[in-house]
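Student: I am attaching a structure below and will ask some questions about it afterwards.
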Amino acid sequence: MICFYCGNETIDDQVCPYCGKDQSAYRMILVAAGRYYNDGLKKARVRDLSGAADSLNRCLRMDKYYTVARNLLGLVYFEMGQTVLALREWVLSKNLQPNDNPVDRYLAVVQKPGALSRLDSVTQKYNLALSYCRQGSPDLARIQLKRIISANPKMIAAHQLLALILIQDGKYEEARRSLTAAARIDAKNPITMAYMDAIRSATRNSKKRRRKKNDNNTDISMANEAVMPRVGILDVIDRNGNGIINILTGTALGVLVAMFLIVPNMRENENSQAQSALVSANKEAANSANNVAYLEKEVDSLNRELEKYTGQGDLKTSYEKLIEASQLMEDGDHEAAANAISMVNETLLDANGKEIFASVNDVIKEESTKAAYDEAYKEFRGRHYEESIAGFIEVVEFDESYNDGYALYYLAQAYDYTEDKPLAAKYYTRFAELFPNTTRGRQAARKAEEYASELPAGEEGGLNTADEEADVTAADEGAAQ
C-alpha cells in the first residue's frame, strides 16, 4: 500500500515507517472502496446496471485511482447507451494509468471509423426528441426515438422516453413492450420500474371503469323490459277510422315542419361546418408552415454548432493528442509534436490539461520561431532579401525583441535593400524605440530620420543607397547574433 501522506510504499504497518502517520483510517477507506467495487461487480453480473453504477461511483469517490472500478463503470455506462459518460471514465482511466491498462481495448472499439460520428448522431437525435416533447410535438418525438432505438437499441433513456409518450397517449401495451426492452438491459432501473407501475395502475383503473359501465347498461335494459308495455298496431288504430285520419294529419304536419324549419337549419349548419373546416384547414396549414420554419431554424442552429467543432478533436482525441505531443517534445521531435498539438481542442480540456497544453505549445512556438529566424537569417546572409522578409515577419509578429531585436533590425534592412522605403523606415523607427541606448538603435534612428526627410509629406520611409548597403552589411557582420 502507498502511504497517503508521504507516498512511500508500506506493507501492513498501521503507522507509516517513513513519516510516522497513522494509516488505519486510510486503510478503512480502501477496504470500503473494495467492498463497493465487489457490490458493483455483483450487480453488473445480474444486469442491475443502475445499482452497479451507483456502487462504482461510491467506490471511486473513496479511491479515484481504482482503475479497475473506473473501467467497469465505463462498461456499465456504455451498456446503458450513455456513451459520453463511458468515454469520460475511460479517458480518466487512461490518464491515471497510461501503461498496462485494459481500457485501450475499449477505446479501440470506439475509435473505429465512423463509430464516434454514429454515437454523436444518436445523441443529437435524442436531444431533438426531448426538444419536441417540450414543444408539445410528441408525434415528431416518437419518430425520432424509434430511429434512435433502431440505431442504438441499448439506449435506455430512449426506451423510457418513448414509453412515457405512449403512456400519455393511452397505448399501454406498446409502452410495456418498450419498457420490457429497457428492463432486459437494466433489470432494476428505478425509472423503468416506476413507469411499469404506472401502466399497471392505469390498466387496473381502465378495467374497473369498463366493468362498471357494463353493469349500468345491464340494469337499464332490464328496467326497460319491466316498464315498457307491448303495444300492437291494432291498439293504435281504433275501429271507426278516426285513428287513420289523425295519422295522416300528423304526417302532413311533419312534412311541412321538415320543409320550412328542419331543412333550412340543416343547410345552415352544413355551411357553418364547411366554413369551420376551411378555417381549421387554414390554421393547420399555417401551423405546418411555422413548424417547417422552426425545423429550418433548428437545422441552421445545429449546423452552426457543428461548424464550431469542424476540424477540432473531441474530448478523448484532444487528451490523446496532448499526451502524444508531450511525449514527442521529450523525444525531440518538434515537427511531429506541432502536428499533434494542432489537433487538440483547448476549450475541451480541464485546468491541468490547459496548463500542459500551454507549456507544450509555448515550447513548440519557440522552436518554430527559432527555425524561422535561422532560415530567414540564412537567406539574408545569402543576399536573398525578398525570401528572408517572410521569415523575419513571422518572428517579429511572435516577439519584436526576439534575439535582442536582431530579427526586427534585419527586417528593416531587408526592406532597405529591396528599396521599400516606407516599410524600411517603419521598422527602423520601431527598432530605435525598443533599443534607443544601443549602437544599432542610434543607427536605426538616423536611418529613419534620413528617410523621413527624403520622402514626400505624409509618407513614412527612407531610401537606402548603394554606398550605405556596404556600411549596413558590415555592421551586421560585426554584431552578435
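Here, A, B, ... name the chains of the C-alpha cells in the order displayed, residue numbers run from 1 inside each chain, and ligands are numbered from 1 in the same displayed order.
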Report as an mmCIF file with C-alpha atoms, in the first residue's frame: the residues of range 37-171 of chain A with a DSSP assignment of helix (DSSP H, G or I), based on the backbone of this structure.

Tutor:
data_model
loop_
_atom_site.group_PDB
_atom_site.id
_atom_site.type_symbol
_atom_site.label_atom_id
_atom_site.label_comp_id
_atom_site.auth_asym_id
_atom_site.auth_seq_id
_atom_site.Cartn_x
_atom_site.Cartn_y
_atom_site.Cartn_z
ATOM 1 C CA TYR A 37 -16.419 -2.417 -6.169
ATOM 2 C CA ASN A 38 -17.390 -6.013 -5.337
ATOM 3 C CA ASP A 39 -21.007 -4.933 -4.887
ATOM 4 C CA GLY A 40 -20.961 -3.114 -8.237
ATOM 5 C CA LEU A 41 -19.435 -6.148 -9.962
ATOM 6 C CA LYS A 42 -22.084 -8.427 -8.443
ATOM 7 C CA LYS A 43 -24.911 -6.139 -9.602
ATOM 8 C CA ALA A 44 -23.434 -5.784 -13.089
ATOM 9 C CA ARG A 45 -23.387 -9.581 -13.478
ATOM 10 C CA LEU A 49 -26.740 -1.642 -14.183
ATOM 11 C CA SER A 50 -28.203 1.323 -12.286
ATOM 12 C CA GLY A 51 -27.261 -0.229 -8.947
ATOM 13 C CA ALA A 52 -23.826 -1.156 -10.304
ATOM 14 C CA ALA A 53 -23.196 2.426 -11.473
ATOM 15 C CA ASP A 54 -24.182 3.766 -8.028
ATOM 16 C CA SER A 55 -21.863 1.367 -6.185
ATOM 17 C CA LEU A 56 -18.940 2.012 -8.540
ATOM 18 C CA ASN A 57 -19.339 5.782 -8.215
ATOM 19 C CA ARG A 58 -19.219 5.394 -4.423
ATOM 20 C CA CYS A 59 -16.054 3.313 -4.818
ATOM 21 C CA LEU A 60 -14.377 5.977 -6.947
ATOM 22 C CA ARG A 61 -15.332 8.732 -4.519
ATOM 23 C CA MET A 62 -13.287 6.877 -1.920
ATOM 24 C CA THR A 67 -8.649 1.840 -12.253
ATOM 25 C CA VAL A 68 -10.484 -1.491 -12.426
ATOM 26 C CA ALA A 69 -13.618 0.107 -10.946
ATOM 27 C CA ARG A 70 -13.395 3.070 -13.346
ATOM 28 C CA ASN A 71 -13.080 0.755 -16.352
ATOM 29 C CA LEU A 72 -16.069 -1.286 -15.179
ATOM 30 C CA LEU A 73 -18.117 1.895 -14.661
ATOM 31 C CA GLY A 74 -17.325 2.902 -18.249
ATOM 32 C CA LEU A 75 -18.530 -0.501 -19.468
ATOM 33 C CA VAL A 76 -21.749 -0.132 -17.463
ATOM 34 C CA TYR A 77 -22.413 3.304 -18.951
ATOM 35 C CA PHE A 78 -21.638 2.025 -22.452
ATOM 36 C CA GLU A 79 -24.059 -0.883 -21.994
ATOM 37 C CA THR A 83 -21.502 6.763 -24.456
ATOM 38 C CA VAL A 84 -20.307 10.195 -23.332
ATOM 39 C CA LEU A 85 -20.140 9.136 -19.683
ATOM 40 C CA ALA A 86 -18.345 5.926 -20.688
ATOM 41 C CA LEU A 87 -15.718 7.855 -22.658
ATOM 42 C CA ARG A 88 -15.203 10.213 -19.726
ATOM 43 C CA GLU A 89 -14.382 7.346 -17.375
ATOM 44 C CA TRP A 90 -12.117 5.591 -19.888
ATOM 45 C CA VAL A 91 -10.128 8.730 -20.703
ATOM 46 C CA LEU A 92 -9.623 9.433 -16.987
ATOM 47 C CA SER A 93 -8.515 5.819 -16.505
ATOM 48 C CA LYS A 94 -6.026 6.161 -19.368
ATOM 49 C CA ASN A 95 -4.564 9.346 -17.855
ATOM 50 C CA LEU A 96 -4.317 7.876 -14.352
ATOM 51 C CA VAL A 103 -9.008 0.393 -21.283
ATOM 52 C CA ASP A 104 -7.006 0.554 -24.522
ATOM 53 C CA ARG A 105 -9.205 -2.232 -25.913
ATOM 54 C CA TYR A 106 -12.385 -0.314 -25.122
ATOM 55 C CA LEU A 107 -11.090 2.901 -26.670
ATOM 56 C CA ALA A 108 -10.022 0.977 -29.791
ATOM 57 C CA VAL A 109 -13.608 -0.200 -30.261
ATOM 58 C CA VAL A 110 -14.955 3.342 -30.007
ATOM 59 C CA ALA A 115 -18.218 4.894 -34.583
ATOM 60 C CA LEU A 116 -17.995 8.265 -32.849
ATOM 61 C CA SER A 117 -19.958 10.014 -35.584
ATOM 62 C CA ARG A 118 -22.771 7.451 -35.249
ATOM 63 C CA LEU A 119 -22.858 7.831 -31.480
ATOM 64 C CA ASP A 120 -22.848 11.618 -31.771
ATOM 65 C CA SER A 121 -25.711 11.438 -34.275
ATOM 66 C CA VAL A 122 -27.750 9.317 -31.843
ATOM 67 C CA THR A 123 -27.149 11.835 -29.043
ATOM 68 C CA GLN A 124 -28.232 14.743 -31.252
ATOM 69 C CA LYS A 125 -31.413 12.904 -32.251
ATOM 70 C CA TYR A 126 -32.241 12.202 -28.603
ATOM 71 C CA ASN A 127 -31.790 15.876 -27.708
ATOM 72 C CA LEU A 128 -34.030 16.788 -30.642
ATOM 73 C CA ALA A 129 -36.677 14.343 -29.402
ATOM 74 C CA LEU A 130 -36.556 15.976 -25.956
ATOM 75 C CA SER A 131 -36.997 19.359 -27.598
ATOM 76 C CA TYR A 132 -40.051 18.100 -29.492
ATOM 77 C CA CYS A 133 -41.577 16.840 -26.238
ATOM 78 C CA ARG A 134 -41.091 20.211 -24.540
ATOM 79 C CA PRO A 138 -44.983 14.033 -29.216
ATOM 80 C CA ASP A 139 -45.545 12.563 -32.700
ATOM 81 C CA LEU A 140 -42.274 14.029 -34.005
ATOM 82 C CA ALA A 141 -40.519 12.930 -30.817
ATOM 83 C CA ARG A 142 -41.855 9.374 -31.253
ATOM 84 C CA ILE A 143 -40.450 9.222 -34.803
ATOM 85 C CA GLN A 144 -37.013 10.370 -33.627
ATOM 86 C CA LEU A 145 -36.974 7.916 -30.725
ATOM 87 C CA LYS A 146 -37.797 4.961 -32.948
ATOM 88 C CA ARG A 147 -34.870 5.941 -35.197
ATOM 89 C CA ILE A 148 -32.609 6.207 -32.147
ATOM 90 C CA ILE A 149 -33.618 2.763 -30.868
ATOM 91 C CA SER A 150 -33.044 1.306 -34.322
ATOM 92 C CA ALA A 151 -29.505 2.785 -34.385
ATOM 93 C CA ILE A 156 -32.245 3.028 -22.063
ATOM 94 C CA ALA A 157 -33.167 6.701 -21.936
ATOM 95 C CA ALA A 158 -34.690 6.463 -25.442
ATOM 96 C CA HIS A 159 -36.802 3.420 -24.456
ATOM 97 C CA GLN A 160 -38.038 5.199 -21.337
ATOM 98 C CA LEU A 161 -38.933 8.441 -23.112
ATOM 99 C CA LEU A 162 -40.785 6.537 -25.837
ATOM 100 C CA ALA A 163 -42.705 4.577 -23.178
ATOM 101 C CA LEU A 164 -43.649 7.820 -21.410
ATOM 102 C CA ILE A 165 -45.078 9.269 -24.648
ATOM 103 C CA LEU A 166 -47.035 6.068 -25.297
ATOM 104 C CA ILE A 167 -48.405 6.094 -21.737
ATOM 105 C CA GLN A 168 -49.675 9.635 -22.226
#

Student: Using only C-alpha atoms, which protein or nucleic acid residues come within 7 Å of Asp186 in chain A? Drop anything in the same chain fewer than 3 positions from it, and give the result as a PyMOL selection string.

Tutor: chain A and resi 47-50+182-183+189

Student: Find the residues around Lys365 in chain A up to 12 Å (only C-alpha atoms counted), leave out those fewer than 2 positions away in its own chain, and share them as a PyMOL selection string.

Tutor: chain A and resi 329+334-335+337-339+341-342+357-363+367-372+394-395+397-399

Student: Go ahead and compute the interatomic distance for CA of Glu346 in chain A and CA of Gly81 in chain A, in Å to one decimal.

Tutor: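 The value is 27.0 Å.
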
Student: By how many Å are CA of Ala424 in chain A and CA of His384 in chain A apart?

Tutor: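 According to the coordinates, CA of Ala424 in chain A and CA of His384 in chain A are separated by 16.2 Å.
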
Student: Using only C-alpha atoms, which of A:Gln82, A:Ser453, A:Thr180, A:Tyr406 sits nearest Phe431 in chain A?

Tutor: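 The closest residue to Phe431 in chain A is A:Tyr406.
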
Student: When you draw a straight line from CA of Gly405 in chain A to CA of Ala390 in chain A, how long is it in Å?

Tutor: 16.2 Å

Student: Under the rule that only C-alpha atoms are counted, which of A:Ala202, A:Leu302, A:Val396, A:Val344 is the nearest residue to Lys321 in chain A?

Tutor: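 Closest to Lys321 in chain A of all the choices is A:Val344.
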
Student: Tell me, as a VMD selection string, which residues lie within 8 Å of range 379-382 of chain A, counting only C-alpha atoms; anything in the same chain fewer than 6 positions away does not count.

Tutor: chain A and resid 388 410 414

Student: Residues as selected, C-alpha atoms, written as a short mmCIF file (atom, residue, chain, number, x, y, z; two decimals), in the first residue's frame, can you do that?

Tutor:
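The result, written out as part-v4.cif:
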data_model
loop_
_atom_site.label_atom_id
_atom_site.label_comp_id
_atom_site.auth_asym_id
_atom_site.auth_seq_id
_atom_site.Cartn_x
_atom_site.Cartn_y
_atom_site.Cartn_z
CA SER A 388 14.10 36.47 -45.86
CA TYR A 410 17.26 42.58 -40.19
CA ALA A 414 15.78 43.60 -45.92
#
